[in-house]
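Structure record follows, encoded as structure tokens.
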Amino acid sequence: MASSSSALSRLSNLRGHLHPSHSNKGGVGFIKISPEVSEALSNGYAVVALESTIISHGMPYPKNLETAREVEAVVRENGAVPATIAILDGIPCVGLSMEELEKLANLGPRAQKTARRDIAHVVATGGNGATTVSATMFFASMVGIPLFVTGGIGGVHRHGEHTMDISSDLTELGRTPVAVISAGVKSILDVPRTLEYLETQGVCVAAYRTNEFPAFFSETSGCKVPCRIDTPEDCAQLIDANLKLELGTGILIAVPIPKEHAASGRLIESAIKRALEEARDKNIIGNAATPFLLARVNELTGGASLASNIALVKNNALVGAKISVALAQIKERENKGGVKTTL
């Protein structure tokens, strides 16, 4: 009885998102969920949310489209359903078709980089938005996807104590109960201050099979983590406990870049320092800073940083899919038992 009640609840939730809340022809209040993702959610299958900024702003066409398809394939190969999230023609979309992925890849930087603050504007104007970590978390939570994979999250920028340039990814983690699988924070940022800010936000920060917080291109940052987890099942238990406790916060699970791609770390770090100086000289700040820095670092390293970026995203997708499957298995056991475990 509890199992059928749970299924009905999920279907009711999806129905509310699949139909407009009012008749505005612009689509405000409407979320489009792909048939594949809708079916997976209604049946309690493993689903992994994916952001779209990496497609539009992370790399050039057609490499961005190729990478997006490969990342989705990694998720599928490991037992989960990928749900790439974006806003297309003013409609928030959870799960993109191949045609929609291609449209976004072709748009590139012409799609607006969309954080939480930008969502209402992009929807109201019928625009195209590539979702950042914060916006992707927001939509994933709305439709009941508890896990999201990305490359690296934003954080406190260097000299952030003076500029107050702090990514909305961090505040989103403090108020949206979605687990984010990433390679830590990009090393162009201030890693220690980012971790301090996450602590202030009450966010559980865990590292996967390591005691040290990774720094995107590097396996290490010099910063220890308060929580280490070594298996997808342990990660799933952590996420499940967080949801059942209704803490209302996200979880950051940091996965180090694969060792074979970490060798170029020193070269990349040197390029990062130079790119930071150039950004400062050109007064490139705000949400324009990260795309500029990543593109410039890629130029300075002869493409090594882009190759490492793609490798770590695929690795995160593999780990995230396994965690999502383990989480779905927890829910399935509870439903079969007819009793929802509470803490």
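Please note that chains go A, B, ... in the order of the structure tokens, that every chain numbers its residues from 1, and that ligands are numbered from 1 in the order shown.
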
Please build the interface table for region 235-294 of chain A against region 327-331 of chain A with a cut-off of 10 Å, listing for each qualifying residue the nearest atom pair and the distance in Å to one decimal; count only C-alpha atoms, order rows by chain and increasing number, and write it as a Markdown table.
| residue | atom | partner | partner_atom | distance |
| --- | --- | --- | --- | --- |
| A:Cys235 | CA | A:Leu327 | CA | 8.4 |
| A:Ala236 | CA | A:Leu327 | CA | 4.8 |
| A:Gln237 | CA | A:Leu327 | CA | 7.2 |
| A:Leu238 | CA | A:Leu327 | CA | 9.5 |
| A:Ile239 | CA | A:Leu327 | CA | 7.8 |
| A:Asp240 | CA | A:Leu327 | CA | 7.1 |

Skip Val37 (chain A) itself and residues of its chain fewer than 5 positions away, then list as a PyMOL selection string all residues within 9 Å of it, counting only C-alpha atoms.
-> chain A and resi 42+47+81-83+94-95

Identify which of the residues A:Ile310, A:Val156, A:Ala262, A:Leu318 lies closest to Thr67 (chain A), counting only C-alpha atoms when measuring atom-to-atom distances.
-> A:Ile310

Please report, as a list of chain:residue names, each residue of region 193-343 of chain A to which DSSP assigns strand (DSSP E or B) when run on this structure's backbone.
->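 Written out, the strand (DSSP E or B) residues of region 193-343 of chain A are A:Cys204, A:Val205, A:Ala206, A:Ala207, A:Tyr208, A:Glu212, A:Ala215, A:Ser218, A:Lys224, A:Cys227, A:Arg228, A:Ile229, A:Ile251, A:Leu252, A:Ile253, A:Ala254.
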
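With only C-alpha atoms as the atoms that count, the minimum distance from His159 (chain A) to the choices A:Leu245, A:Lys63, A:Leu276, A:Gly174 is reached by A:Leu276.
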
Sorted per-residue table, region 142-192 of chain A near region 104-118 of chain A, closest atoms and distance, 9 Å, only C-alpha atoms, as a Markdown table:
| residue | atom | partner | partner_atom | distance |
| --- | --- | --- | --- | --- |
| A:Ser168 | CA | A:Ala115 | CA | 7.3 |
| A:Asp169 | CA | A:Ala115 | CA | 8.2 |
| A:Glu172 | CA | A:Arg116 | CA | 8.3 |

File dump, residues just selected, N, CA, C and O atoms, as a CSV table (one decimal), in the first residue's frame:
chain,number,residue,atom,x,y,z
A,168,SER,N,27.1,31.9,-6.6
A,168,SER,CA,25.7,31.5,-6.1
A,168,SER,C,25.6,30.0,-5.9
A,168,SER,O,24.7,29.5,-5.3
A,169,ASP,N,26.6,29.3,-6.5
A,169,ASP,CA,26.6,27.8,-6.3
A,169,ASP,C,26.7,27.5,-4.8
A,169,ASP,O,26.1,26.5,-4.3
A,172,GLU,N,23.4,28.1,-3.0
A,172,GLU,CA,22.4,27.1,-3.5
A,172,GLU,C,22.6,25.8,-2.7
A,172,GLU,O,21.7,25.2,-2.3

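Of the listed residues A:Tyr61, A:Phe138, A:Phe148, A:Phe30, the one whose atoms come nearest to Ile251 (chain A) is A:Phe148, with distances taken using only C-alpha atoms.
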
Pick out the residues sitting within 8 Å of His261 (chain A), and hand them over as an mmCIF file with all heavy atoms, in the first residue's frame; count only C-alpha atoms, and ignore anything fewer than 4 positions along from it in its own chain.
data_model
loop_
_atom_site.group_PDB
_atom_site.id
_atom_site.type_symbol
_atom_site.label_atom_id
_atom_site.label_comp_id
_atom_site.auth_asym_id
_atom_site.auth_seq_id
_atom_site.Cartn_x
_atom_site.Cartn_y
_atom_site.Cartn_z
ATOM 1 N N ILE A 257 40.343 14.221 -9.746
ATOM 2 C CA ILE A 257 40.599 13.955 -11.154
ATOM 3 C C ILE A 257 41.382 12.646 -11.274
ATOM 4 O O ILE A 257 42.217 12.343 -10.423
ATOM 5 C CB ILE A 257 41.402 15.136 -11.772
ATOM 6 C CG1 ILE A 257 41.579 14.948 -13.283
ATOM 7 C CG2 ILE A 257 42.750 15.311 -11.091
ATOM 8 C CD1 ILE A 257 42.206 16.156 -13.974
ATOM 9 N N SER A 308 41.926 17.534 -19.726
ATOM 10 C CA SER A 308 41.759 17.164 -18.315
ATOM 11 C C SER A 308 40.344 17.452 -17.844
ATOM 12 O O SER A 308 39.756 16.673 -17.091
ATOM 13 C CB SER A 308 42.764 17.933 -17.447
ATOM 14 O OG SER A 308 44.082 17.548 -17.752
ATOM 15 N N ALA A 311 38.027 14.775 -19.117
ATOM 16 C CA ALA A 311 38.280 13.506 -18.419
ATOM 17 C C ALA A 311 37.648 13.499 -17.037
ATOM 18 O O ALA A 311 37.037 12.505 -16.617
ATOM 19 C CB ALA A 311 39.780 13.261 -18.307
#
